[in-house]
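Trainee: Below you'll find coords05.cif; it's mmCIF, C-alpha atoms and all ligand atoms.
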```cif
data_coords
#
loop_
_atom_site.label_atom_id
_atom_site.label_comp_id
_atom_site.auth_asym_id
_atom_site.auth_seq_id
_atom_site.Cartn_x
_atom_site.Cartn_y
_atom_site.Cartn_z
CA MET T 1 0.00 0.00 0.00
CA LYS T 2 1.35 3.43 -0.93
CA HIS T 3 1.90 6.10 1.71
CA ARG T 4 -0.82 8.70 1.13
CA ILE T 5 0.24 12.33 1.39
CA VAL T 6 -2.64 14.78 1.21
CA VAL T 7 -1.85 18.48 0.81
CA LEU T 8 -4.61 20.93 1.76
CA GLY T 9 -4.41 24.15 -0.23
CA ALA T 10 -2.50 24.93 -3.42
CA GLY T 11 -1.37 28.46 -2.64
CA TYR T 12 2.26 29.49 -2.24
CA ALA T 13 2.95 26.92 0.52
CA GLY T 14 0.74 24.02 -0.63
CA ALA T 15 1.53 24.11 -4.36
CA PHE T 16 5.26 24.26 -3.66
CA SER T 17 5.03 21.40 -1.12
CA ALA T 18 3.06 19.09 -3.42
CA GLY T 19 5.27 19.75 -6.45
CA TYR T 20 8.49 19.38 -4.48
CA LEU T 21 7.44 16.13 -2.77
CA ALA T 22 6.32 14.68 -6.10
CA ARG T 23 9.78 15.36 -7.53
CA GLN T 24 11.66 13.83 -4.58
CA LEU T 25 9.63 10.76 -3.57
CA HIS T 26 9.22 7.51 -5.48
CA PRO T 27 5.77 7.17 -7.07
CA ASP T 28 5.70 3.43 -6.27
CA ASP T 29 5.82 4.24 -2.57
CA PHE T 30 3.98 7.55 -2.30
CA GLU T 31 0.71 8.95 -3.60
CA ILE T 32 0.32 12.72 -3.43
CA THR T 33 -3.07 14.43 -3.60
CA VAL T 34 -3.71 18.18 -3.45
CA VAL T 35 -7.10 19.58 -2.51
CA ASN T 36 -7.77 23.17 -3.50
CA ALA T 37 -10.97 25.18 -3.64
CA GLU T 38 -10.11 26.66 -7.05
CA PRO T 39 -8.75 25.05 -10.23
CA ASP T 40 -6.07 27.75 -10.60
CA PHE T 41 -3.11 28.91 -8.61
CA VAL T 42 -4.29 32.27 -7.31
CA GLU T 43 -1.57 34.89 -7.00
CA ARG T 44 -2.89 36.23 -3.75
CA LEU T 45 -0.30 39.01 -3.63
CA ARG T 46 -1.95 40.54 -6.69
CA LEU T 47 -5.58 40.35 -5.56
CA HIS T 48 -5.79 44.12 -4.96
CA GLN T 49 -4.85 44.49 -8.65
CA LEU T 50 -7.66 42.10 -9.61
CA ALA T 51 -10.12 44.07 -7.49
CA ALA T 52 -8.92 47.32 -9.10
CA GLY T 53 -9.88 45.92 -12.53
CA GLN T 54 -6.65 44.43 -13.88
CA GLU T 55 -6.48 40.95 -15.39
CA LEU T 56 -4.13 38.46 -13.72
CA ARG T 57 -2.28 35.76 -15.58
CA HIS T 58 -4.25 32.51 -15.69
CA ARG T 59 -2.28 29.72 -13.97
CA PRO T 60 -4.24 26.43 -14.07
CA LEU T 61 -3.09 23.98 -11.39
CA ASP T 62 -3.17 21.03 -13.78
CA GLU T 63 -0.45 22.85 -15.74
CA VAL T 64 1.50 23.63 -12.55
CA PHE T 65 1.44 19.89 -11.68
CA ALA T 66 1.77 18.56 -15.24
CA ASP T 67 3.84 15.34 -15.46
CA THR T 68 4.44 15.20 -11.70
CA GLY T 69 1.93 12.49 -10.78
CA VAL T 70 0.25 14.85 -8.29
CA ARG T 71 -3.49 14.20 -8.15
CA LEU T 72 -5.51 17.40 -8.08
CA ARG T 73 -8.87 17.47 -6.35
CA VAL T 74 -10.77 20.71 -6.85
CA ALA T 75 -13.05 20.82 -3.81
CA ARG T 76 -13.55 22.70 -0.59
CA VAL T 77 -12.11 21.24 2.61
CA THR T 78 -14.80 21.41 5.29
CA ALA T 79 -13.26 19.37 8.11
CA VAL T 80 -10.20 17.42 9.17
CA ASP T 81 -10.41 14.45 11.55
CA VAL T 82 -6.91 14.09 12.95
CA GLU T 83 -7.78 10.97 14.98
CA GLU T 84 -9.32 9.07 12.04
CA ARG T 85 -6.84 10.70 9.62
CA THR T 86 -9.48 11.81 7.17
CA VAL T 87 -10.35 15.04 5.38
CA THR T 88 -13.93 15.90 4.44
CA VAL T 89 -14.26 17.70 1.13
CA ALA T 90 -17.30 19.21 -0.57
CA ASP T 91 -17.56 19.40 -4.34
CA GLY T 92 -20.88 21.12 -5.10
CA ASP T 93 -23.45 18.93 -3.36
CA ALA T 94 -21.15 15.90 -3.22
CA ILE T 95 -19.36 15.22 0.07
CA ASP T 96 -16.35 12.92 0.16
CA ARG T 97 -13.81 11.74 2.71
CA LEU T 98 -10.14 11.30 1.86
CA GLY T 99 -7.85 9.19 4.03
CA TYR T 100 -4.24 10.22 4.63
CA ASP T 101 -1.08 8.92 6.27
CA THR T 102 0.67 12.31 6.16
CA LEU T 103 -1.18 15.61 5.96
CA VAL T 104 0.22 18.96 4.83
CA TYR T 105 -2.03 21.74 6.11
CA ALA T 106 -1.59 24.86 3.96
CA LEU T 107 -5.03 26.47 3.74
CA GLY T 108 -3.66 29.98 4.18
CA SER T 109 -5.78 32.66 5.80
CA THR T 110 -8.67 35.00 5.21
CA ALA T 111 -9.63 38.54 6.25
CA ALA T 112 -9.96 38.99 10.01
CA ASP T 113 -13.13 40.88 10.93
CA GLN T 114 -11.73 41.55 14.43
CA GLY T 115 -15.24 40.95 15.77
CA VAL T 116 -16.45 44.29 14.37
CA PRO T 117 -20.22 44.23 13.66
CA GLY T 118 -21.25 44.65 10.04
CA VAL T 119 -17.91 43.66 8.46
CA HIS T 120 -19.19 40.29 7.34
CA GLU T 121 -22.44 41.69 5.94
CA HIS T 122 -21.34 45.01 4.42
CA ALA T 123 -17.58 45.20 3.90
CA PHE T 124 -15.49 43.93 0.97
CA HIS T 125 -12.02 42.39 1.19
CA VAL T 126 -9.18 41.27 -1.08
CA ALA T 127 -7.95 38.20 0.84
CA ALA T 128 -9.40 35.68 -1.65
CA ARG T 129 -10.27 35.72 -5.33
CA PRO T 130 -14.09 35.50 -5.00
CA SER T 131 -14.15 38.46 -2.62
CA ALA T 132 -11.75 40.49 -4.79
CA LEU T 133 -14.04 39.87 -7.79
CA ARG T 134 -17.08 40.94 -5.76
CA LEU T 135 -15.30 44.21 -4.93
CA ARG T 136 -14.35 44.70 -8.56
CA THR T 137 -18.00 44.38 -9.56
CA ARG T 138 -18.89 47.01 -6.97
CA LEU T 139 -16.18 49.38 -8.22
CA ASP T 140 -17.47 48.87 -11.77
CA GLU T 141 -20.94 49.87 -10.58
CA LEU T 142 -19.51 53.05 -9.07
CA GLY T 143 -17.81 53.91 -12.35
CA GLU T 144 -15.88 57.15 -12.16
CA ASP T 145 -17.78 58.40 -9.19
CA GLY T 146 -17.95 57.09 -5.67
CA LYS T 147 -16.27 56.90 -2.31
CA VAL T 148 -14.10 53.95 -1.30
CA LEU T 149 -12.93 53.60 2.29
CA VAL T 150 -10.06 51.24 3.10
CA VAL T 151 -9.83 50.18 6.74
CA GLY T 152 -6.34 49.25 7.94
CA GLY T 153 -2.88 50.83 7.94
CA ASN T 154 -0.65 47.91 7.15
CA LEU T 155 0.66 46.33 3.94
CA THR T 156 -2.60 45.15 2.36
CA ALA T 157 -4.44 48.38 3.17
CA ILE T 158 -1.63 50.49 1.69
CA GLU T 159 -1.44 48.39 -1.46
CA ALA T 160 -5.22 48.33 -1.92
CA ALA T 161 -5.74 52.08 -1.41
CA THR T 162 -2.95 53.11 -3.80
CA GLU T 163 -3.97 50.55 -6.43
CA PHE T 164 -7.61 51.74 -6.43
CA ALA T 165 -6.55 55.40 -6.56
CA GLU T 166 -4.22 54.80 -9.50
CA SER T 167 -6.47 52.45 -11.51
CA ARG T 168 -9.69 54.36 -10.90
CA PRO T 169 -8.73 58.04 -10.58
CA GLY T 170 -12.37 59.16 -10.52
CA LEU T 171 -12.98 57.51 -7.16
CA ARG T 172 -12.44 59.34 -3.88
CA VAL T 173 -10.31 56.97 -1.84
CA GLY T 174 -9.85 57.26 1.92
CA LEU T 175 -8.02 55.19 4.50
CA VAL T 176 -8.77 54.85 8.20
CA THR T 177 -6.34 53.22 10.59
CA SER T 178 -6.31 52.74 14.34
CA GLY T 179 -2.55 53.35 14.33
CA GLN T 180 -0.20 55.36 12.17
CA LEU T 181 -0.09 54.79 8.41
CA GLY T 182 3.07 52.74 7.75
CA GLY T 183 4.22 53.62 11.25
CA TRP T 184 6.69 50.72 11.35
CA LEU T 185 8.63 51.96 8.30
CA GLY T 186 12.00 53.71 8.47
CA ALA T 187 12.01 57.51 8.03
CA LYS T 188 12.92 57.47 4.32
CA ALA T 189 10.31 54.85 3.39
CA ARG T 190 7.59 56.55 5.41
CA ARG T 191 8.27 59.93 3.80
CA HIS T 192 7.98 58.24 0.41
CA LEU T 193 4.74 56.53 1.44
CA LEU T 194 3.12 59.77 2.63
CA ARG T 195 4.17 61.57 -0.56
CA ALA T 196 2.56 58.79 -2.62
CA PHE T 197 -0.70 59.10 -0.67
CA GLU T 198 -0.64 62.86 -1.24
CA ARG T 199 0.00 62.39 -4.96
CA PHE T 200 -2.93 59.97 -5.22
CA ASP T 201 -5.06 62.37 -3.14
CA ILE T 202 -5.99 59.61 -0.66
CA SER T 203 -7.40 61.06 2.55
CA VAL T 204 -5.83 59.50 5.64
CA HIS T 205 -7.43 59.26 9.10
CA GLU T 206 -4.97 57.94 11.67
CA HIS T 207 -5.62 56.87 15.28
CA THR T 208 -9.25 56.16 14.43
CA THR T 209 -10.82 52.79 15.18
CA ILE T 210 -13.82 51.60 13.20
CA GLY T 211 -16.38 50.04 15.55
CA ARG T 212 -19.20 49.27 13.12
CA VAL T 213 -19.69 48.90 9.38
CA GLU T 214 -23.00 49.75 7.75
CA LYS T 215 -24.22 49.44 4.17
CA ASP T 216 -23.03 52.91 3.20
CA ALA T 217 -20.76 53.97 6.05
CA ALA T 218 -18.13 52.96 8.58
CA VAL T 219 -18.63 54.33 12.07
CA ALA T 220 -15.65 54.99 14.35
CA THR T 221 -15.70 54.22 18.07
CA ASP T 222 -15.62 57.98 18.76
CA GLY T 223 -18.83 58.38 16.72
CA THR T 224 -17.27 59.79 13.53
CA VAL T 225 -19.19 58.58 10.48
CA PHE T 226 -17.27 57.90 7.26
CA THR T 227 -19.74 57.60 4.42
CA SER T 228 -18.61 55.06 1.87
CA ASP T 229 -19.95 53.35 -1.25
CA ALA T 230 -17.55 50.45 -0.71
CA THR T 231 -15.79 49.76 2.60
CA VAL T 232 -12.74 47.56 2.08
CA TRP T 233 -11.73 45.69 5.23
CA ALA T 234 -7.95 45.24 5.27
CA ALA T 235 -7.32 45.07 9.01
CA GLY T 236 -5.39 41.82 9.21
CA PHE T 237 -5.70 38.14 8.37
CA ALA T 238 -7.16 35.23 10.34
CA VAL T 239 -6.67 31.52 9.91
CA HIS T 240 -9.62 29.40 8.72
CA PRO T 241 -11.44 27.82 11.71
CA ILE T 242 -10.97 24.27 10.31
CA ALA T 243 -7.65 23.78 12.12
CA ALA T 244 -9.00 24.66 15.58
CA ALA T 245 -12.14 22.57 15.05
CA SER T 246 -10.05 19.54 14.08
CA GLY T 247 -8.44 19.21 17.50
CA LEU T 248 -4.97 20.29 16.35
CA GLU T 249 -3.22 22.41 18.95
CA VAL T 250 -3.60 26.05 17.89
CA ILE T 251 -2.92 29.47 19.39
CA ALA T 252 -5.66 32.06 20.01
CA ASN T 253 -5.74 33.28 16.37
CA GLY T 254 -6.17 29.71 15.05
CA GLN T 255 -2.61 29.18 13.78
CA ILE T 256 -1.29 25.66 14.33
CA THR T 257 1.59 25.21 16.79
CA VAL T 258 4.47 23.21 15.36
CA ASP T 259 7.99 22.08 16.17
CA ARG T 260 11.04 23.38 14.27
CA GLN T 261 10.33 20.83 11.51
CA MET T 262 6.76 22.12 10.99
CA ARG T 263 5.12 19.07 12.55
CA SER T 264 2.02 19.81 14.60
CA VAL T 265 3.01 19.48 18.27
CA SER T 266 -0.25 17.63 18.99
CA HIS T 267 -0.37 15.45 15.83
CA PRO T 268 3.10 14.99 14.30
CA ASP T 269 1.74 13.30 11.16
CA VAL T 270 0.31 16.75 10.28
CA TYR T 271 2.85 19.22 8.84
CA VAL T 272 1.91 22.87 8.50
CA ALA T 273 3.16 25.61 6.16
CA GLY T 274 2.26 29.15 5.16
CA ASP T 275 -0.13 31.50 6.94
CA SER T 276 -1.64 28.62 8.97
CA VAL T 277 1.52 27.94 10.96
CA PHE T 278 2.64 29.49 14.23
CA VAL T 279 6.40 29.23 14.49
CA ILE T 280 9.16 31.34 15.96
CA GLY T 281 11.60 32.70 13.38
CA GLU T 282 15.35 33.19 13.67
CA ASN T 283 14.80 36.64 15.22
CA GLY T 284 12.92 35.11 18.18
CA ARG T 285 9.56 36.45 17.00
CA PRO T 286 6.60 34.69 15.36
CA LEU T 287 7.14 34.44 11.63
CA PRO T 288 4.71 36.89 9.98
CA MET T 289 2.09 35.73 7.50
CA SER T 290 3.87 36.42 4.22
CA CYS T 291 4.90 34.97 0.91
CA ALA T 292 8.50 34.53 2.12
CA SER T 293 7.31 32.73 5.26
CA ALA T 294 5.13 30.45 3.10
CA GLY T 295 8.24 29.53 1.09
CA PHE T 296 10.52 28.91 4.08
CA THR T 297 7.96 26.93 6.09
CA ALA T 298 7.04 24.82 3.03
CA MET T 299 10.72 24.07 2.40
CA GLN T 300 11.17 23.02 6.04
CA ALA T 301 7.97 20.95 6.09
CA THR T 302 8.84 19.07 2.89
CA ALA T 303 12.41 18.43 4.09
CA ALA T 304 10.95 17.00 7.31
CA ILE T 305 8.44 14.79 5.48
CA ILE T 306 11.17 13.41 3.23
CA GLY T 307 13.43 12.84 6.24
CA ASP T 308 10.70 11.24 8.33
CA ARG T 309 9.50 8.94 5.55
CA THR T 310 12.79 7.97 3.92
CA GLY T 311 15.28 8.17 6.79
CA ARG T 312 17.35 10.91 5.19
CA LYS T 313 18.88 13.70 7.25
CA ILE T 314 16.51 16.65 7.55
CA ALA T 315 17.97 19.85 6.12
CA THR T 316 17.30 22.99 8.16
CA THR T 317 15.72 25.95 6.38
CA SER T 318 16.45 29.34 7.89
CA LEU T 319 13.20 30.93 9.08
CA SER T 320 14.15 34.53 8.50
CA TYR T 321 12.23 37.64 7.55
CA VAL T 322 14.23 40.33 5.81
CA GLY T 323 11.82 42.98 4.69
CA ASN T 324 8.57 44.28 3.24
CA HIS T 325 8.03 44.88 -0.43
CA ILE T 326 5.09 47.19 -0.88
CA SER T 327 3.49 48.20 -4.16
CA LEU T 328 2.10 51.73 -4.50
CA GLY T 329 0.20 51.21 -7.72
CA ARG T 330 2.04 49.83 -10.77
CA LYS T 331 4.82 52.41 -11.09
CA ASP T 332 5.90 53.01 -7.51
CA GLY T 333 6.86 50.91 -4.53
CA ILE T 334 8.93 50.52 -1.38
CA PHE T 335 11.31 47.80 -0.38
CA GLN T 336 12.00 48.19 3.34
CA LEU T 337 14.71 46.06 4.94
CA VAL T 338 14.14 44.90 8.51
CA GLY T 339 16.82 43.76 10.96
CA GLY T 340 17.00 40.70 13.22
CA ASP T 341 14.90 42.52 15.82
CA ALA T 342 12.15 42.95 13.15
CA HIS T 343 12.57 46.76 13.22
CA ALA T 344 12.94 48.69 9.99
CA LYS T 345 16.49 49.54 8.99
CA SER T 346 17.19 53.01 7.71
CA TRP T 347 17.91 51.66 4.21
CA ALA T 348 14.94 51.37 1.85
CA LEU T 349 14.56 51.24 -1.90
CA CYS T 350 11.76 53.50 -3.12
CA GLY T 351 10.16 54.40 -6.44
CA ARG T 352 9.98 52.73 -9.83
CA THR T 353 12.93 50.39 -9.21
CA ALA T 354 11.25 49.07 -6.06
CA ALA T 355 8.06 48.46 -8.08
CA ARG T 356 10.08 46.50 -10.66
CA VAL T 357 11.84 44.47 -7.95
CA LYS T 358 8.50 43.58 -6.40
CA SER T 359 7.02 42.50 -9.71
CA THR T 360 10.07 40.30 -10.38
CA ILE T 361 9.79 38.71 -6.92
CA LEU T 362 6.12 37.93 -7.51
CA ASP T 363 6.78 36.42 -10.94
CA THR T 364 9.65 34.33 -9.53
CA ALA T 365 7.45 33.08 -6.68
CA ALA T 366 4.76 31.98 -9.16
CA TRP T 367 7.37 30.39 -11.48
CA SER T 368 8.91 28.44 -8.58
CA LEU T 369 5.69 26.49 -8.06
CA SER T 370 6.18 24.62 -11.33
CA HIS T 371 9.97 24.54 -10.75
CA PRO T 372 10.19 23.75 -7.03
CA THR T 373 13.72 22.31 -7.20
CA PHE T 374 14.94 25.57 -8.83
CA GLY T 375 16.74 23.59 -11.54
CA LYS T 376 18.40 21.13 -9.17
CA PRO T 377 17.94 17.45 -10.06
CA SER T 378 14.89 15.57 -8.77
CA HIS T 379 15.18 12.28 -6.87
CA LYS T 380 12.98 9.26 -6.37
CA TYR T 381 13.62 8.45 -2.73
CA ARG T 382 12.10 5.18 -1.54
CA ALA T 383 10.12 4.92 1.69
CA ALA T 384 11.97 3.57 4.71
CA ALA T 385 10.05 1.42 7.16
CA ALA T 386 9.46 2.06 10.86
CA LEU T 387 11.14 5.42 11.23
CA GLU T 388 11.32 7.42 14.40
CA HIS T 389 10.81 11.18 14.23
CA SER T 390 13.93 13.25 14.52
CA PRO T 391 14.62 14.02 18.23
CA ARG T 392 15.42 17.66 17.37
CA VAL T 393 11.97 18.88 18.34
CA VAL T 394 11.87 22.49 19.50
CA ALA T 395 8.67 23.73 21.08
CA ALA T 396 7.43 26.87 19.39
C1 LIG F 401 -3.93 41.60 -1.49
C2 LIG F 401 -2.81 40.91 -0.77
C3 LIG F 401 -1.52 41.38 -0.92
C4 LIG F 401 -0.47 40.74 -0.28
N1 LIG F 401 0.78 41.22 -0.45
C5 LIG F 401 1.80 40.58 0.12
C6 LIG F 401 3.14 41.02 -0.11
O1 LIG F 401 3.38 42.01 -0.78
N2 LIG F 401 4.15 40.31 0.45
C7 LIG F 401 3.92 39.20 1.21
O2 LIG F 401 4.88 38.57 1.68
N3 LIG F 401 2.67 38.77 1.46
C8 LIG F 401 1.60 39.43 0.94
N4 LIG F 401 0.34 38.97 1.17
C9 LIG F 401 0.16 37.80 2.04
C10 LIG F 401 0.39 36.51 1.25
O3 LIG F 401 -0.51 36.50 0.17
C11 LIG F 401 0.16 35.28 2.13
O4 LIG F 401 1.00 35.37 3.27
C12 LIG F 401 0.49 34.01 1.34
O5 LIG F 401 -0.42 33.89 0.26
C13 LIG F 401 0.37 32.79 2.25
O6 LIG F 401 0.53 31.63 1.49
P1 LIG F 401 -0.31 30.31 1.86
O7 LIG F 401 0.12 29.26 0.92
O8 LIG F 401 -0.26 30.06 3.32
O9 LIG F 401 -1.82 30.72 1.57
P2 LIG F 401 -2.55 31.04 0.18
O10 LIG F 401 -1.60 31.56 -0.81
O11 LIG F 401 -3.72 31.88 0.54
O12 LIG F 401 -3.06 29.62 -0.29
C14 LIG F 401 -4.09 28.94 0.38
C15 LIG F 401 -4.79 28.07 -0.63
O13 LIG F 401 -5.76 27.27 0.05
C16 LIG F 401 -7.00 27.33 -0.65
N5 LIG F 401 -8.07 27.15 0.34
C17 LIG F 401 -8.37 27.96 1.38
N6 LIG F 401 -9.40 27.43 2.07
C18 LIG F 401 -9.73 26.28 1.46
C19 LIG F 401 -10.67 25.26 1.71
N7 LIG F 401 -11.52 25.30 2.75
N8 LIG F 401 -10.72 24.19 0.87
C20 LIG F 401 -9.88 24.09 -0.18
N9 LIG F 401 -8.94 25.03 -0.46
C21 LIG F 401 -8.88 26.11 0.34
C22 LIG F 401 -7.01 28.69 -1.31
O14 LIG F 401 -7.87 28.68 -2.44
C23 LIG F 401 -5.55 28.86 -1.70
O15 LIG F 401 -5.28 28.27 -2.95
C24 LIG F 401 -0.72 39.60 0.54
C25 LIG F 401 -2.03 39.14 0.69
C26 LIG F 401 -3.07 39.78 0.06
C27 LIG F 401 -4.47 39.26 0.22
#
```
Translate the structure described by the file into structure tokens.
Ligand SMILES: Cc1cc2nc3c(=O)[nH]c(=O)nc-3n(C[C@H](O)[C@H](O)[C@H](O)COP(=O)(O)OP(=O)(O)OC[C@H]3O[C@@H](n4cnc5c(N)ncnc54)[C@H](O)[C@@H]3O)c2cc1C

Mentor:
Amino acid sequence: MKHRIVVLGAGYAGAFSAGYLARQLHPDDFEITVVNAEPDFVERLRLHQLAAGQELRHRPLDEVFADTGVRLRVARVTAVDVEERTVTVADGDAIDRLGYDTLVYALGSTAADQGVPGVHEHAFHVAARPSALRLRTRLDELGEDGKVLVVGGNLTAIEAATEFAESRPGLRVGLVTSGQLGGWLGAKARRHLLRAFERFDISVHEHTTIGRVEKDAAVATDGTVFTSDATVWAAGFAVHPIAAASGLEVIANGQITVDRQMRSVSHPDVYVAGDSVFVIGENGRPLPMSCASAGFTAMQATAAIIGDRTGRKIATTSLSYVGNHISLGRKDGIFQLVGGDAHAKSWALCGRTAARVKSTILDTAAWSLSHPTFGKPSHKYRAAAALEHSPRVVAA
């Protein structure tokens, strides 16, 4: 009987993991199945562009996994039973259960409503393709006239507000944040950011917390009413509730706690990568939800699976976080380096070159999913019987 590896999610972490494992493990010993809600790889880092009205490159997953032996199941994961080792998937009205021996949990994250009333009913977000398309339809309805309010002051909010202002110059775009806009950036990068907001004529309301969202307004906790034809909620990400409901050990925000090899501390046959994982990085702080973290955690998880199943030494992937690359529309951007203490360094690259660097990074990340060995030779490692887990388990 083959060892069944089921990968949940085919985003940055899941697609890389499935493709890499398929190129390293022997198909006579291992069967690899990926379950993803959509038939395409969705470039989540570009979803604000999609919402703004731009077309993204079509990347069908059956092309990403062509000739790898990976089985693709386009369905929605609704539950995981970590005791029975099964995954429940829904495909339209059909419900199915898939058994696994090893699970890779890489379902990513979604927009966090922070418990604010009305967000779910009235606000838009850009954390997933269906919601980005819903927002795009709304912006189309508004045409060249209308008010868009972005809530949040971090990366996604900045990228969304600038993208909408550039792509749809007729709209009046505003941003409300409970903190300071880009307050974590170094002085040079922040000056550049504020100049860009001025150039795009985006109104900024700092130190203002939205306490309620209505159909045509967002209401701050101090009573200020921001009228809005489309309120875009970009105030952080939350992990899907499936992990917590499954009985996996999670932290308060739903992220799964793992050891240094990305094995769940409660169920070591479950490996976790991407936004769903809670792990401490090299700087002693939790690794942020990011594309780079998805890559590093997926590399570590796949190295651990190969080691655990074939008896090979497990390579250690550095879990580092070096900086933010922020787009400010299509022609401007910021690349801010951060140090080991996660604080911004004074050096930052700003302007058109930063925009080009970001675009190249995004294209390379998407390319790497169909080339997960980065040109290095593939292997066909055979399964080893009765293996113990590596003793190098570090509690997160
Ligand atoms: C607009 C936007 C801009 C961003 N910009 C940046 C940036 O500049 N830099 C950066 O580092 N990060 C950025 N991020 C964050 C980055 O996108 C995430 O950290 C990254 O995508 C995490 O990778 P992942 O594989 O964990 O999740 P994802 O890439 O989200 O992949 C998860 C996959 O699981 C699938 N899935 C989810 N639920 C289910 C289910 N129930 N059943 C089946 N399939 C399911 C999804 O369809 C998806 O394919 C941005 C995010 C957004 C939304």

Trainee: May I have a table of the residues of region 288-335 of chain T lying at most 12 Å from region 226-240 of chain T, giving each one's closest pair of atoms and their distance in Å to one decimal, counting only C-alpha atoms, ordered by chain and ascending residue number, as a tab-separated table?

Mentor:
```
residue	atom	partner	partner_atom	distance
T:Pro288	CA	T:Phe237	CA	10.6
T:Met289	CA	T:Phe237	CA	8.2
T:Ser290	CA	T:Phe237	CA	10.6
```

Trainee: Would you kindly return, as an NGL selection string, each protein, DNA or RNA residue with an atom no farther than 8 Å from any atom of region 292-299 of chain T, considering only C-alpha atoms and excluding same-chain residues fewer than 5 positions away?

Mentor: :T and (12-14 or 16-17 or 262 or 272-275 or 287 or 317-321)

Trainee: Kindly export the residues of the current selection with C-alpha atoms, as a compact mmCIF listing (two decimals), in the coordinates of the input.

Mentor:
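After the write, result.txt holds the following:
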```
# COMPACT_ATOMS: atom_id res chain seq x y z
CA TYR T 12 2.26 29.49 -2.24
CA ALA T 13 2.95 26.92 0.52
CA GLY T 14 0.74 24.02 -0.63
CA PHE T 16 5.26 24.26 -3.66
CA SER T 17 5.03 21.40 -1.12
CA MET T 262 6.76 22.12 10.99
CA VAL T 272 1.91 22.87 8.50
CA ALA T 273 3.16 25.61 6.16
CA GLY T 274 2.26 29.15 5.16
CA ASP T 275 -0.13 31.50 6.94
CA LEU T 287 7.14 34.44 11.63
CA THR T 317 15.72 25.95 6.38
CA SER T 318 16.45 29.34 7.89
CA LEU T 319 13.20 30.93 9.08
CA SER T 320 14.15 34.53 8.50
CA TYR T 321 12.23 37.64 7.55
```

Trainee: Please return as a compact mmCIF listing (two decimals) with C-alpha atoms, in the coordinates of the input the residues found within 7 Å of ligand LIG 401 (chain F), counting only C-alpha atoms and all ligand atoms.

Mentor:
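part.txt was written with the following content:
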```
# COMPACT_ATOMS: atom_id res chain seq x y z
CA LEU T 8 -4.61 20.93 1.76
CA GLY T 9 -4.41 24.15 -0.23
CA ALA T 10 -2.50 24.93 -3.42
CA GLY T 11 -1.37 28.46 -2.64
CA TYR T 12 2.26 29.49 -2.24
CA ALA T 13 2.95 26.92 0.52
CA GLY T 14 0.74 24.02 -0.63
CA VAL T 35 -7.10 19.58 -2.51
CA ASN T 36 -7.77 23.17 -3.50
CA ALA T 37 -10.97 25.18 -3.64
CA GLU T 38 -10.11 26.66 -7.05
CA PHE T 41 -3.11 28.91 -8.61
CA VAL T 42 -4.29 32.27 -7.31
CA ARG T 44 -2.89 36.23 -3.75
CA LEU T 45 -0.30 39.01 -3.63
CA ARG T 46 -1.95 40.54 -6.69
CA LEU T 47 -5.58 40.35 -5.56
CA HIS T 48 -5.79 44.12 -4.96
CA ALA T 75 -13.05 20.82 -3.81
CA ARG T 76 -13.55 22.70 -0.59
CA VAL T 77 -12.11 21.24 2.61
CA THR T 78 -14.80 21.41 5.29
CA ALA T 106 -1.59 24.86 3.96
CA LEU T 107 -5.03 26.47 3.74
CA GLY T 108 -3.66 29.98 4.18
CA SER T 109 -5.78 32.66 5.80
CA VAL T 126 -9.18 41.27 -1.08
CA ALA T 127 -7.95 38.20 0.84
CA ALA T 128 -9.40 35.68 -1.65
CA LEU T 155 0.66 46.33 3.94
CA THR T 156 -2.60 45.15 2.36
CA ALA T 160 -5.22 48.33 -1.92
CA HIS T 240 -9.62 29.40 8.72
CA ALA T 273 3.16 25.61 6.16
CA GLY T 274 2.26 29.15 5.16
CA ASP T 275 -0.13 31.50 6.94
CA SER T 276 -1.64 28.62 8.97
CA MET T 289 2.09 35.73 7.50
CA SER T 290 3.87 36.42 4.22
CA CYS T 291 4.90 34.97 0.91
CA ALA T 292 8.50 34.53 2.12
CA ALA T 294 5.13 30.45 3.10
CA ASN T 324 8.57 44.28 3.24
CA HIS T 325 8.03 44.88 -0.43
CA ILE T 326 5.09 47.19 -0.88
```

Trainee: Need the shell around Leu248 (chain T): protein/DNA/RNA residues with any atom at most 7 Å away, counting all atoms listed in the file. Skip same-chain ones fewer than 4 positions apart. Format as number ranges by chain?

Mentor: T: 243-244, 256, 266-267

Trainee: So that I can check the surroundings of Leu193 (chain T), please list as a PyMOL selection string every protein, DNA and RNA residue that reaches within 9 Å of it, counting only C-alpha atoms and ignoring chain neighbours fewer than 6 positions away.

Mentor: chain T and resi 158+181-182+328+333-334+350

Trainee: If we count all atoms listed in the file and set the cut-off at 7 Å, which residues sit around region 369-379 of chain T, ignoring sequence neighbours fewer than 5 positions away in its own chain? Please answer as a list in words.

Mentor: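 In the requested form, the answer reads Ala15, Phe16, Gly19, Tyr20, Arg23, Gln24, Leu25, Val64 and Phe65 of chain T.
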
Trainee: Taking only C-alpha atoms into account, name the residue in T:Leu171, T:Val258, T:Ala342, T:Ala123 that is nearest to Val213 (chain T).

Mentor: T:Ala123

Trainee: Grab the CA of Arg134 (chain T) to CA of Arg73 (chain T) distance for me, in Å with one decimal place.

Mentor: 24.9 Å

Trainee: Which residues are close to Gly223 (chain T), i.e. within 10 Å by only C-alpha atoms, leaving aside same-chain residues fewer than 5 positions away? Reply as a PyMOL selection string.

Mentor: chain T and resi 209-212+218
